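Have a look at the structure below before the remarks.
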Amino acid sequence: MDALISALLLQTGYNTALVSVGAGLLGASAGAIGTFVLLRKRSLVTDAISHATLPGLALAFIIMAFLTGDGRWMPGLLIGAALSAAAGLLGVIWITRRTRLTEDVAIGAVLSVFFGLGVVLLTVIQSLDSGGQAGLTGFLLGSTAGMLRSEAETIAVTAALTGCAIFLLRRPFTLVCFDQDYATTRGIDVRRVDLAMMGLVLAVTVIGLKVAGLVLIVALTIIPPVAARFWTNRPERMVLIAALIGAAAAYGGAVISSLGERLPTGALIVLLTFGIFLFSLIFSPVRGVLAGSYAQFVMRKRVHERQGLLALARAEPIYDPLTMRVLRRAGFVRPDGVPSLQGRAAAAAAVRDEALWELYRREFPSEAASIEYQGLVPISEAVPPDMVTELERRFTLKGA
Amino acid sequence: MGADFVMLNLVPLLVGVLVSLACALPGNFLILRRQALIGDAISHVVLLGIVGAFVITGSVAAGLMLTGAAVVAILSVMLIELIRRLGRVEPGAAMGVVFTALFALGVFLIEQSDASSVHLDVEHALYGNLESLVWFDGQGWGSLLDPAALAGLPAPLPRLALILIAVVIFIVAFWKELFIGTFDQGFGETIGARPGLVGSALIVIVAAVAVMAFDAVGAIIVIAMFICPAGAARLMTDRLAAQIAWSAMFAVAAAVVGYVLAAFGPLWLGFQAGVSAAGMIAVTAGMILAGACLFGPRRRRAGA
């Protein structure tokens, strides 16, 4: 436990600290760009991009091994990965635009075929026998153990740069995500914005290879935005929250994995992110499961109370046990089933409210249609006061 | 084509063909129902099932592993649906959340347990190892008629033959329901064809195929075969029956050509060893799809 705390506080050496901070920056960038991708309903394109990095990695390794005898130079590997990921991305776009195959087919085809090609090239590398293949396997599932200082610096700097680019482009991204047509009328080239967005996803994916691994980096762009969606309806906040979740999970995962031998970085980061997602799914006050079932409970109680009161007013017997319980709890009905004084008053009020609602629906049908739960809440809570006065005036006129 | 071929190459080649067919046939329905990536998701979570079974029981018996994988595969499909409904999450994103998390859990368990020491490592799971299916009793073509030698056939071969037969029976028996459910779910419900139920059965079949194939050939070929042959076939014809026939042909072609290129291609070029057969089969399937994208007679949307 002490080891964990001191690692979290960056007390365990410069290298670990650098790696953790780099991972945190990467997580923030991934969460931010992932938000736009989620809003654009393209989450799984990242899956194709990440798998498509493998042949580029392997090919770059082979070429560098031939030229210099050592294939492990990280910037070279990353350039190879970026080139083949870009080819995969263009493949997805090309198949989706030029044929009648849908995007999911294009994604699946590109990710499996590129990954297959990468596997073929890996077996070629094994037969080359040049050594240093260990440098490559780290890219599959991610590793921070034994990361060189220069590598950690590359990750930190490029992650920070992509973060800035996302910040600068947030306006056009948001516009294109929410209203493509409006964006066009504002003179924004939607295709170029999309391309920029995908370019940034590609950059984040490629930098993240070493930290999270190519199979799991996709999780860092998908899960934080989905979790953030539970906490807000506003896109700017969603980007910020997703970036925070991504940063926290990536930082925490990198720190924990530096503590022991058998703690895979990518897997830890993803599991932490998933934990945050689960927490959001259950406990978010707006869209969470608990909040949702509480709202449903309140709603049901309302329906039963209203129906029960109307029944009381018409002196009808009540058979439904839940209705009876709700009325008794509210003190509208005495334990022996006879309506209380208070219950009679509430019943009369409910009848009058119901009549006002009906009048409102008849006289102002279009306004009424836009109100949620009409007839279940007192009308004075749902429509403006001057409208209530007006309705009451008309109601008395009719009654008179 | 002598005794060496029978011992070393015949079984892997047959297994490749069987897996490709068993994936490609249901793949037709997946791509028409826009569920193409279910195969991808299931192939990833199968890892957790296999490791989980090992961690719980401590045994590497094939039956246990397959059961574990099937359980996790079905659980993950339910989890995707649950998250989609409860959290109102977009389907693609819900799938992404679930399969990456379960895959991560699988990786974590492998590292934590002793699974990595018993042939259960992540790379094996991803690449598969088609080349290891050597038929030691297959001393020549004559062995195909020798009951004793046939009994020594690697276990995945008969298993995959059975699953392929099951897939074919499923498609033939529920042809009408699958057809209606794929093109007009609402109509199917009104005439009582239970398209929802048959749709779930399709997912179970896909999971079963993925699990069986995973053990023998790894995840990558499975994902490629669910999508590429059926996708290419979709660009050849407008009729479902014809599309399925095309996809079967493409699947066999990809398996045979891919395997031959992987096993013998490098030798022809003067290298010592072959390359990954599973990877090469996936690449060949991709080539076929690319060809169909460029030259397929029905490659454009009607009217577009």
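In the structure tokens, the first chain shown is A, the next is B, and so on; residue numbers restart at 1 for each chain, and ligands run from 1 in the order shown.
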
Quiz item: Quick one: residues within 7 Å of Trp231 of chain A, only C-alpha atoms counted, chain neighbours fewer than 3 positions away excluded, as a ChimeraX atom specification?
Solution: /A:228,284,286

Exercise. May I have the residues within 8 Å of Leu30 of chain B as a list in words, using only C-alpha atoms and disregarding those fewer than 6 positions away in the same chain?
Key: Ala36, Ile38 and Phe226 of chain B

Selected residues written out, C-alpha atoms, as an mmCIF file, in the first residue's frame:
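File again.cif, as written:
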```
data_model
loop_
_atom_site.group_PDB
_atom_site.id
_atom_site.type_symbol
_atom_site.label_atom_id
_atom_site.label_comp_id
_atom_site.auth_asym_id
_atom_site.auth_seq_id
_atom_site.Cartn_x
_atom_site.Cartn_y
_atom_site.Cartn_z
ATOM 1 C CA ALA B 36 -20.624 -7.838 -38.576
ATOM 2 C CA ILE B 38 -20.257 -9.271 -33.194
ATOM 3 C CA PHE B 226 -17.017 -13.913 -40.623
#
```

Quiz item: From the list B:Leu267, B:Val45, B:Ala94, B:Ala201, which residue is nearest chain A when using only C-alpha atoms?
Solution: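 Result for the nearest residue to chain A: B:Ala94.
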
Exercise. Write out as a list in words every residue belonging to chain A that has an atom at most 6 Å from any atom of chain B, counting only C-alpha atoms.
Key: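 Written out as asked, the residues are Ser43, Thr99, Arg100, Asp104, Val105, Ala109, Ser112, Val113, Gly116, Leu117, Val119, Val120, Thr123, Ala219, Ile223, Arg262 and Ala267 of chain A.
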
Practice problem: Name all residues at most 8 Å from Leu130 of chain B (count only C-alpha atoms; drop same-chain ones fewer than 3 positions away) and give them as a list in words. | Solution: Pro12, Val15, Gly16, Leu133, Ala216, Val217, Ala277 and Ala278 of chain B

Emit the selected residues as a PDB file, in the first residue's frame, including N, CA, C and O atoms.
```
ATOM      1  N   PRO B  12      -3.980 -29.365 -41.137  1.00  0.00           N
ATOM      2  CA  PRO B  12      -4.124 -27.907 -41.061  1.00  0.00           C
ATOM      3  C   PRO B  12      -4.935 -27.340 -42.220  1.00  0.00           C
ATOM      4  O   PRO B  12      -5.766 -26.457 -42.030  1.00  0.00           O
ATOM      5  N   VAL B  15      -8.547 -28.186 -41.617  1.00  0.00           N
ATOM      6  CA  VAL B  15      -9.068 -27.372 -40.516  1.00  0.00           C
ATOM      7  C   VAL B  15      -9.309 -25.938 -40.991  1.00  0.00           C
ATOM      8  O   VAL B  15     -10.341 -25.332 -40.699  1.00  0.00           O
ATOM      9  N   GLY B  16      -8.380 -25.420 -41.765  1.00  0.00           N
ATOM     10  CA  GLY B  16      -8.540 -24.077 -42.308  1.00  0.00           C
ATOM     11  C   GLY B  16      -9.805 -23.967 -43.142  1.00  0.00           C
ATOM     12  O   GLY B  16     -10.584 -23.014 -43.006  1.00  0.00           O
ATOM     13  N   LEU B 133      -0.995 -28.638 -35.870  1.00  0.00           N
ATOM     14  CA  LEU B 133      -1.945 -29.752 -35.951  1.00  0.00           C
ATOM     15  C   LEU B 133      -1.370 -30.871 -36.826  1.00  0.00           C
ATOM     16  O   LEU B 133      -1.880 -31.167 -37.894  1.00  0.00           O
ATOM     17  N   ALA B 216      -8.274 -23.767 -32.347  1.00  0.00           N
ATOM     18  CA  ALA B 216      -7.428 -24.331 -33.384  1.00  0.00           C
ATOM     19  C   ALA B 216      -6.645 -23.276 -34.143  1.00  0.00           C
ATOM     20  O   ALA B 216      -5.472 -23.471 -34.453  1.00  0.00           O
ATOM     21  N   VAL B 217      -7.283 -22.156 -34.455  1.00  0.00           N
ATOM     22  CA  VAL B 217      -6.649 -21.254 -35.406  1.00  0.00           C
ATOM     23  C   VAL B 217      -6.467 -19.831 -34.910  1.00  0.00           C
ATOM     24  O   VAL B 217      -5.950 -18.986 -35.628  1.00  0.00           O
ATOM     25  N   ALA B 277       0.044 -19.331 -41.040  1.00  0.00           N
ATOM     26  CA  ALA B 277      -1.006 -19.723 -41.979  1.00  0.00           C
ATOM     27  C   ALA B 277      -2.296 -18.965 -41.705  1.00  0.00           C
ATOM     28  O   ALA B 277      -2.966 -18.501 -42.630  1.00  0.00           O
ATOM     29  N   ALA B 278      -2.625 -18.799 -40.416  1.00  0.00           N
ATOM     30  CA  ALA B 278      -3.851 -18.091 -40.084  1.00  0.00           C
ATOM     31  C   ALA B 278      -3.805 -16.664 -40.633  1.00  0.00           C
ATOM     32  O   ALA B 278      -4.764 -16.178 -41.238  1.00  0.00           O
TER      33      ALA B 278
END
```

Exercise. Return the single residue from A:Ile207, A:Ala350, A:Val215, A:Val388 that is closest to Leu141 of chain A, with distances computed using only C-alpha atoms.
Key: A:Val215

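Here the question is which of A:Trp94, A:Phe139, A:Phe114, A:Tyr251 gets nearest to Met74 of chain A using only C-alpha atoms, and that residue is A:Phe139.
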
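The smallest atom-to-atom distance between Gly31 of chain A and any of A:Thr162, A:Asn233, A:Ser366, A:Gln307, using only C-alpha atoms, is found for A:Thr162.
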